[in-house]
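Peer 1: File follows, start-v7.txt with compact mmCIF, C-alpha atoms:
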# COMPACT_ATOMS: atom_id res chain seq x y z
CA MET X 1 133.25 73.30 55.49
CA SER X 2 131.58 76.48 54.27
CA VAL X 3 132.27 75.34 50.69
CA TRP X 4 130.65 71.99 51.51
CA ARG X 5 127.60 73.68 53.00
CA SER X 6 127.25 75.90 49.94
CA LEU X 7 127.48 72.83 47.71
CA ARG X 8 124.91 71.04 49.84
CA ARG X 9 122.57 73.99 49.42
CA ARG X 10 122.92 73.94 45.65
CA VAL X 11 122.52 70.18 45.38
CA LEU X 12 119.57 69.80 47.75
CA THR X 13 117.49 72.90 46.93
CA PRO X 14 114.83 72.37 44.24
CA ASN X 15 114.78 74.65 41.20
CA VAL X 16 112.73 77.80 41.79
CA ALA X 17 111.22 77.41 38.31
CA ALA X 18 109.21 74.52 39.73
CA THR X 19 107.06 77.04 41.64
CA ARG X 20 105.98 79.02 38.55
CA MET X 21 102.31 78.66 37.79
CA ASP X 22 102.89 78.25 34.06
CA VAL X 23 105.31 75.39 34.76
CA ARG X 24 102.80 73.78 37.12
CA GLY X 25 99.86 74.38 34.76
CA PHE X 26 97.83 76.10 37.47
CA HIS X 27 94.91 78.43 36.82
CA VAL X 28 95.90 82.10 36.72
CA LYS X 29 93.15 84.39 37.99
CA SER X 30 95.12 87.63 37.74
CA ALA X 31 98.66 88.95 37.64
CA ALA X 32 98.41 89.90 41.31
CA GLY X 33 97.17 86.46 42.26
CA ARG X 34 99.94 84.83 40.30
CA GLU X 35 102.57 86.99 41.96
CA ARG X 36 101.26 86.17 45.41
CA LEU X 37 101.28 82.42 44.92
CA GLU X 38 104.64 82.41 43.18
CA THR X 39 106.09 84.51 46.01
CA VAL X 40 104.88 81.85 48.43
CA GLY X 41 106.76 79.25 46.41
CA ARG X 42 109.93 81.32 46.14
CA THR X 43 109.85 82.02 49.86
CA PHE X 44 109.42 78.34 50.67
CA LEU X 45 112.50 77.53 48.62
CA ALA X 46 114.46 80.39 50.18
CA GLY X 47 113.74 78.91 53.61
CA TYR X 48 114.74 75.50 52.31
CA ALA X 49 118.04 76.90 51.06
CA PHE X 50 118.79 78.65 54.37
CA ALA X 51 118.39 75.37 56.24
CA ALA X 52 120.16 73.24 53.64
CA GLU X 53 123.28 75.39 54.03
CA ALA X 54 123.14 75.96 57.79
CA LYS X 55 125.79 74.27 59.92
CA ARG X 56 123.27 73.85 62.73
CA PRO X 57 119.48 74.13 62.36
CA THR X 58 119.24 77.26 64.50
CA ASP X 59 121.88 78.94 62.32
CA ALA X 60 119.12 79.41 59.74
CA GLU X 61 117.04 81.51 62.14
CA PRO X 62 118.56 84.97 61.41
CA SER X 63 117.83 84.59 57.69
CA LEU X 64 114.36 83.18 58.32
CA GLU X 65 113.52 86.05 60.65
CA GLN X 66 114.35 88.56 57.91
CA VAL X 67 111.60 87.20 55.66
CA PRO X 68 108.56 89.56 55.58
CA THR X 69 105.94 88.53 58.11
CA GLY X 70 103.33 87.71 55.47
CA TYR X 71 105.55 84.98 54.05
CA ARG X 72 107.77 83.98 56.98
CA GLY X 73 105.71 80.92 57.88
CA PHE X 74 106.33 79.51 54.39
CA ALA X 75 110.07 80.04 54.86
CA TYR X 76 109.96 78.04 58.11
CA GLU X 77 107.98 75.35 56.31
CA GLY X 78 110.65 75.12 53.61
CA ALA X 79 113.41 75.06 56.21
CA ALA X 80 111.70 72.18 57.98
CA MET X 81 111.57 70.22 54.74
CA ALA X 82 115.28 70.73 54.17
CA LEU X 83 116.14 69.66 57.72
CA ALA X 84 113.90 66.60 57.45
CA MET X 85 115.68 65.73 54.20
CA ARG X 86 118.99 66.01 56.01
CA ASP X 87 117.64 63.72 58.73
CA GLY X 88 116.51 61.24 56.10
CA LEU X 89 119.63 61.14 53.96
CA PRO X 90 122.41 58.79 55.08
CA GLY X 91 125.32 60.30 56.97
CA GLY X 92 123.72 63.63 57.76
CA GLY X 93 122.59 63.12 61.35
CA THR X 94 119.07 62.61 62.66
CA ARG X 95 118.32 65.53 65.02
CA HIS X 96 118.01 68.45 62.65
CA VAL X 97 114.23 68.88 62.93
CA ALA X 98 114.27 68.15 66.66
CA ASP X 99 116.93 70.79 67.25
CA PHE X 100 115.09 73.21 64.96
CA LEU X 101 111.97 72.90 67.10
CA ASP X 102 114.01 73.73 70.19
CA GLY X 103 114.60 77.20 68.75
CA ARG X 104 112.35 79.84 67.23
CA ALA X 105 110.70 77.24 65.02
CA ARG X 106 108.63 76.17 68.04
CA HIS X 107 106.45 79.21 67.30
CA HIS X 108 105.86 77.79 63.80
CA VAL X 109 105.21 74.22 64.89
CA TYR X 110 102.25 73.66 62.53
CA MET X 111 104.33 74.75 59.55
CA VAL X 112 107.29 72.65 60.66
CA TYR X 113 105.23 69.48 60.77
CA VAL X 114 103.80 70.26 57.33
CA GLY X 115 107.34 70.80 56.04
CA VAL X 116 108.34 67.38 57.34
CA GLY X 117 105.52 66.01 55.18
CA TRP X 118 107.09 67.55 52.09
CA ALA X 119 110.27 65.62 52.89
CA MET X 120 108.22 62.44 53.33
CA ALA X 121 107.11 62.83 49.72
CA ARG X 122 110.72 63.04 48.51
CA LEU X 123 112.33 60.36 50.67
CA PRO X 124 112.07 56.60 49.99
CA ARG X 125 109.61 54.89 52.27
CA PHE X 126 112.29 52.88 54.05
CA ARG X 127 113.69 56.20 55.35
CA TRP X 128 110.39 57.47 56.76
CA SER X 129 111.39 56.17 60.18
CA THR X 130 113.94 59.01 60.34
CA LEU X 131 111.25 61.70 60.25
CA HIS X 132 110.78 63.63 63.49
CA ALA X 133 107.09 64.04 64.35
CA PRO X 134 106.81 63.16 68.05
CA ASP X 135 103.54 64.94 68.89
CA PRO X 136 100.76 62.32 68.53
CA LEU X 137 98.21 65.07 67.85
CA LEU X 138 100.15 67.15 65.33
CA ARG X 139 101.77 64.25 63.48
CA TRP X 140 98.75 64.23 61.17
CA LEU X 141 100.00 67.55 59.78
CA VAL X 142 102.92 65.61 58.30
CA LEU X 143 100.41 63.85 56.06
CA ASP X 144 98.79 67.20 55.27
CA GLY X 145 102.20 68.29 53.99
CA TYR X 146 102.58 65.07 52.02
CA GLY X 147 99.17 65.57 50.41
CA PHE X 148 99.99 69.17 49.52
CA HIS X 149 103.25 68.12 47.88
CA GLN X 150 101.58 65.43 45.80
CA ALA X 151 98.75 67.69 44.67
CA TYR X 152 101.20 70.49 43.85
CA PHE X 153 103.75 68.40 41.93
CA VAL X 154 101.70 65.41 40.74
CA THR X 155 98.59 67.48 40.04
CA LYS X 156 97.09 65.44 37.24
CA ARG X 157 97.07 62.25 39.28
CA TYR X 158 96.17 63.60 42.71
CA VAL X 159 93.80 66.45 41.80
CA HIS X 160 92.38 65.86 38.32
CA GLN X 161 92.30 62.05 38.56
CA GLN X 162 91.56 62.03 42.34
CA PHE X 163 94.11 59.28 43.05
CA ARG X 164 94.13 57.80 46.55
CA ASP X 165 96.51 55.20 47.99
CA GLU X 166 94.13 53.02 49.99
CA ARG X 167 97.06 51.20 51.64
CA PHE X 168 99.11 54.20 52.69
CA PRO X 169 101.67 52.75 55.13
CA TRP X 170 102.23 55.58 57.64
CA PRO X 171 101.26 55.67 60.46
CA GLY X 172 99.21 52.52 59.93
CA HIS X 173 95.84 54.12 60.68
CA PRO X 174 92.86 54.48 58.30
CA TYR X 175 92.68 58.21 59.06
CA ALA X 176 95.89 58.74 57.06
CA ASN X 177 93.98 59.46 53.85
CA ASN X 178 91.77 62.01 55.59
CA ALA X 179 94.87 63.97 56.58
CA ILE X 180 96.33 63.62 53.08
CA ASP X 181 93.08 64.97 51.63
CA GLN X 182 93.37 68.02 53.86
CA GLY X 183 96.70 68.74 52.17
CA ILE X 184 95.24 68.11 48.73
CA GLY X 185 92.47 70.60 49.50
CA ARG X 186 95.04 73.14 50.65
CA ALA X 187 97.05 72.70 47.46
CA SER X 188 93.88 73.04 45.39
CA TRP X 189 93.73 76.68 46.46
CA PHE X 190 97.01 77.07 44.55
CA VAL X 191 96.05 74.81 41.64
CA GLY X 192 92.86 76.85 41.21
CA GLY X 193 94.76 80.14 41.42
CA THR X 194 92.71 81.35 44.46
CA ASP X 195 89.64 81.61 42.19
CA PRO X 196 86.64 80.32 44.20
CA GLU X 197 84.75 78.99 41.19
CA THR X 198 87.77 77.11 39.86
CA VAL X 199 88.73 75.72 43.27
CA ALA X 200 85.19 74.57 44.03
CA GLY X 201 85.03 72.92 40.62
CA LEU X 202 88.17 70.95 41.43
CA LEU X 203 86.94 69.84 44.86
CA ASN X 204 83.48 68.86 43.74
CA ARG X 205 84.88 66.36 41.23
CA PHE X 206 86.11 64.25 44.12
CA PRO X 207 83.89 61.56 45.68
CA GLU X 208 81.51 63.14 48.16
CA ALA X 209 83.03 61.31 51.14
CA ARG X 210 86.38 63.06 50.53
CA ARG X 211 85.05 66.60 50.23
CA PRO X 212 84.83 67.56 53.93
CA ASP X 213 88.60 67.16 54.37
CA LEU X 214 89.30 68.85 51.02
CA TRP X 215 87.20 71.88 51.93
CA ALA X 216 88.94 72.11 55.31
CA GLY X 217 92.29 72.30 53.55
CA THR X 218 91.00 74.96 51.19
CA GLY X 219 89.78 77.05 54.12
CA LEU X 220 93.21 76.85 55.71
CA ALA X 221 94.93 78.00 52.51
CA ALA X 222 92.44 80.79 51.85
CA ALA X 223 93.10 82.27 55.29
CA TYR X 224 96.83 81.53 55.59
CA ALA X 225 98.10 82.14 52.04
CA GLY X 226 95.39 84.60 51.05
CA GLY X 227 94.84 85.86 47.54
CA ALA X 228 91.06 86.39 47.60
CA SER X 229 89.02 89.58 47.87
CA ASP X 230 86.10 90.02 50.24
CA THR X 231 83.68 89.29 47.38
CA GLU X 232 85.59 86.14 46.47
CA LEU X 233 85.68 84.94 50.08
CA ARG X 234 81.92 85.35 50.34
CA ARG X 235 81.55 83.40 47.14
CA LEU X 236 83.84 80.66 48.51
CA ARG X 237 81.61 80.47 51.60
CA ASP X 238 78.54 80.04 49.41
CA LEU X 239 80.18 77.45 47.17
CA ALA X 240 81.21 75.37 50.18
CA GLY X 241 77.53 74.60 50.82
CA PRO X 242 77.24 71.65 53.21
CA TYR X 243 81.01 71.70 53.78
CA ARG X 244 81.00 75.18 55.29
CA PRO X 245 81.71 73.84 58.82
CA GLN X 246 84.89 72.17 57.53
CA LEU X 247 85.83 75.30 55.59
CA MET X 248 85.54 77.29 58.83
CA GLN X 249 87.59 74.73 60.72
CA GLY X 250 90.40 75.13 58.20
CA VAL X 251 90.23 78.91 58.54
CA ALA X 252 90.48 78.54 62.33
CA PHE X 253 93.62 76.40 61.94
CA ALA X 254 95.16 79.07 59.73
CA ALA X 255 94.29 81.81 62.20
CA ALA X 256 95.77 79.83 65.08
CA SER X 257 98.98 79.19 63.18
CA ARG X 258 99.45 82.86 62.40
CA VAL X 259 98.44 84.04 65.87
CA LYS X 260 100.85 81.67 67.62
CA ALA X 261 103.71 82.83 65.38
CA ASP X 262 102.71 86.53 65.65
CA LEU X 263 102.31 86.67 61.86
CA VAL X 264 98.68 87.77 61.51
CA GLN X 265 98.05 89.54 58.21
CA PRO X 266 95.14 91.63 56.89
CA HIS X 267 94.07 88.83 54.55
CA THR X 268 93.85 86.43 57.50
CA GLU X 269 91.78 88.94 59.46
CA LEU X 270 89.48 89.36 56.46
CA ALA X 271 89.04 85.62 55.87
CA THR X 272 88.46 84.86 59.53
CA GLU X 273 85.88 87.62 59.85
CA LEU X 274 83.98 86.78 56.66
CA LEU X 275 84.13 82.99 56.93
CA CYS X 276 83.97 82.52 60.71
CA GLY X 277 82.49 85.77 62.02
CA MET X 278 85.33 86.42 64.47
CA SER X 279 88.86 87.74 64.78
CA PRO X 280 91.95 85.55 64.30
CA ALA X 281 92.64 85.76 68.03
CA SER X 282 89.13 84.53 68.83
CA ALA X 283 89.39 81.73 66.27
CA SER X 284 92.74 80.70 67.74
CA LYS X 285 91.14 80.61 71.18
CA VAL X 286 88.47 78.25 69.85
CA THR X 287 91.17 75.84 68.66
CA ASP X 288 92.79 75.93 72.10
CA GLU X 289 89.52 75.39 73.95
CA ALA X 290 88.73 72.41 71.73
CA LEU X 291 91.88 70.70 73.02
CA VAL X 292 90.50 70.33 76.53
CA ASP X 293 89.90 66.70 77.55
CA LEU X 294 90.55 65.25 74.12
CA PRO X 295 90.12 61.47 74.13
CA ALA X 296 93.02 59.15 73.47
CA ASP X 297 93.60 57.98 69.92
CA GLY X 298 91.40 55.11 68.88
CA GLN X 299 89.49 54.21 65.75
CA ILE X 300 88.86 57.96 65.52
CA PRO X 301 92.10 59.80 66.35
CA ALA X 302 92.15 62.73 68.75
CA PHE X 303 93.12 65.00 65.86
CA ALA X 304 89.82 64.24 64.10
CA VAL X 305 87.86 64.88 67.29
CA TRP X 306 89.71 68.18 67.71
CA ARG X 307 88.76 69.27 64.20
CA GLU X 308 85.13 68.23 64.69
CA ARG X 309 84.92 70.26 67.90
CA ILE X 310 86.35 73.31 66.17
CA ALA X 311 83.88 72.98 63.29
CA ALA X 312 80.97 72.63 65.72
CA ALA X 313 82.09 75.71 67.67
CA MET X 314 82.33 77.72 64.45
CA VAL X 315 78.81 76.70 63.42
CA ALA X 316 77.49 77.59 66.86
CA ASN X 317 79.08 81.04 66.55
CA PHE X 318 78.36 81.87 62.91
CA GLY X 319 75.86 79.30 61.68
CA SER X 320 76.16 76.67 58.97
Could you write out this file's structure as structure tokens?

Peer 2:
Amino acid sequence: MSVWRSLRRRVLTPNVAATRMDVRGFHVKSAAGRERLETVGRTFLAGYAFAAEAKRPTDAEPSLEQVPTGYRGFAYEGAAMALAMRDGLPGGGTRHVADFLDGRARHHVYMVYVGVGWAMARLPRFRWSTLHAPDPLLRWLVLDGYGFHQAYFVTKRYVHQQFRDERFPWPGHPYANNAIDQGIGRASWFVGGTDPETVAGLLNRFPEARRPDLWAGTGLAAAYAGGASDTELRRLRDLAGPYRPQLMQGVAFAAASRVKADLVQPHTELATELLCGMSPASASKVTDEALVDLPADGQIPAFAVWRERIAAAMVANFGS
């Protein structure tokens, strides 16, 4: 069985070369910036491999917990993708992600849902029903993960040509493309090599109606993945212009994700301070307070209301 698990790891795990910026054709700002983003990619695939080989989902935890704190969330994201792939492939069982979330992955729940979205992008649509995303609020992060995957691997179509599937089938709600755009905006931080001018240039080629969600995704990536100096973060804030509230909302999401997983890093502290005027802990508290008395899903889903409340709170604290 150990031989089978090793084979499964080799067969299922994508080639690490796919995360190299020269292979992807992404903008390279500096050697340091390139190393940071490529380390994120390598770490994601390491987490994927741990989970692809694990007998049980929680068997991957010891290896995941050895990943440096700055990158551990990406390893959990990759592990979630692998487990969602195992759920989606015939004959592999259907509780891998569910069991994963019963363990230490519950502290990385945002990243797990995003990782499930990566699997969505690789599985045929008739297998999407196997994906585990039971939280009606956080399920939108699955589409964030899908959007990131498409922008990262199908960059010309999704970023440079601004493709949008107006009839996206899951979950059958018009907000689906908003969530996908949040992932595309997050991936644009990688496509643009963490260079504010390049990233803003990419986002501002999209139709104006799509930019709020794109800028929110960029804010999340800038604070979670990092790669920008204080000067560059200030420039990003200026370039966001009317989308600064959404940029701040994305930063707050990133802060909350790192706070809840106890993975706060100096670059997250810097981004949260410069872009939101508060600490990661305070930004995380804002996201929690915005959950109080959320309305039920309707034409506008609760997730969208949550994000709007966070953006409004950030503006009230720091200004637009």

Peer 1: CA of Met278 (chain X) to CA of Arg309 (chain X): how many Å, to one decimal?

Peer 2: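 Result for CA of Met278 (chain X) versus CA of Arg309 (chain X): 16.5 Å, one decimal.
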
Peer 1: Could you pull the residues within 9 Å of region 78-94 of chain X, counting only C-alpha atoms, minus those fewer than 5 positions along the same chain, as a VMD selection string?

Peer 2: chain X and resid 12 to 13 43 to 52 57 60 64 73 100 105 111 to 120 122 to 124 127 to 132

Peer 1: Restricting the calculation to only C-alpha atoms, which member of X:Gly145, X:Arg106, X:Pro136, X:Gln66 is positioned closest to Gly298 (chain X)?

Peer 2: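 Answer, going by the shortest atom-to-atom distance: X:Pro136.
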
Peer 1: Excluding region 229-237 of chain X and any residue of its chain fewer than 3 positions from it, enumerate the residues within 8 Å of it, using only C-alpha atoms, and give them as a list in words.

Peer 2: Asp195, Pro196, Glu197, Ala200, Ala240, Gly241, Arg244, Leu247, Leu270, Ala271, Leu274 and Leu275 of chain X

Peer 1: Just checking: using all atoms listed in the file, which residue out of X:Leu37, X:Val251, X:Ala179, X:Asp293 ends up closest to Glu273 (chain X)?

Peer 2: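 Looking at the shortest contact to Glu273 (chain X), the residue is X:Val251.
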
Peer 1: Compile the contact shell of Ala256 (chain X) as number ranges by chain: residues with an atom at most 12 Å away, counting only C-alpha atoms, same-chain residues fewer than 6 positions apart removed.

Peer 2: X: 107-111, 220, 223-224, 249-250, 262-264, 268-269, 272, 279-289, 310

Peer 1: Taking all atoms of region 53-57 of chain X that the file lists and extending 5 Å past them on each side, where is the centre of the axis-aligned box and how long are its edges? Answer in Å to one decimal, as JSON.

Peer 2:
{"center_x": 122.6, "center_y": 74.9, "center_z": 58.4, "size_x": 16.3, "size_y": 12.1, "size_z": 18.7}

Peer 1: Nearest residue to Ala316 (chain X) out of X:Arg210, X:Arg72, X:Ile300, X:Pro245, using only C-alpha atoms?

Peer 2: X:Pro245

Peer 1: With distances taken over only C-alpha atoms, which of X:Ala312, X:Asp238, X:Leu214, X:Asp102 is nearest to Ala252 (chain X)?

Peer 2: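 Answer, going by the shortest atom-to-atom distance: X:Ala312.
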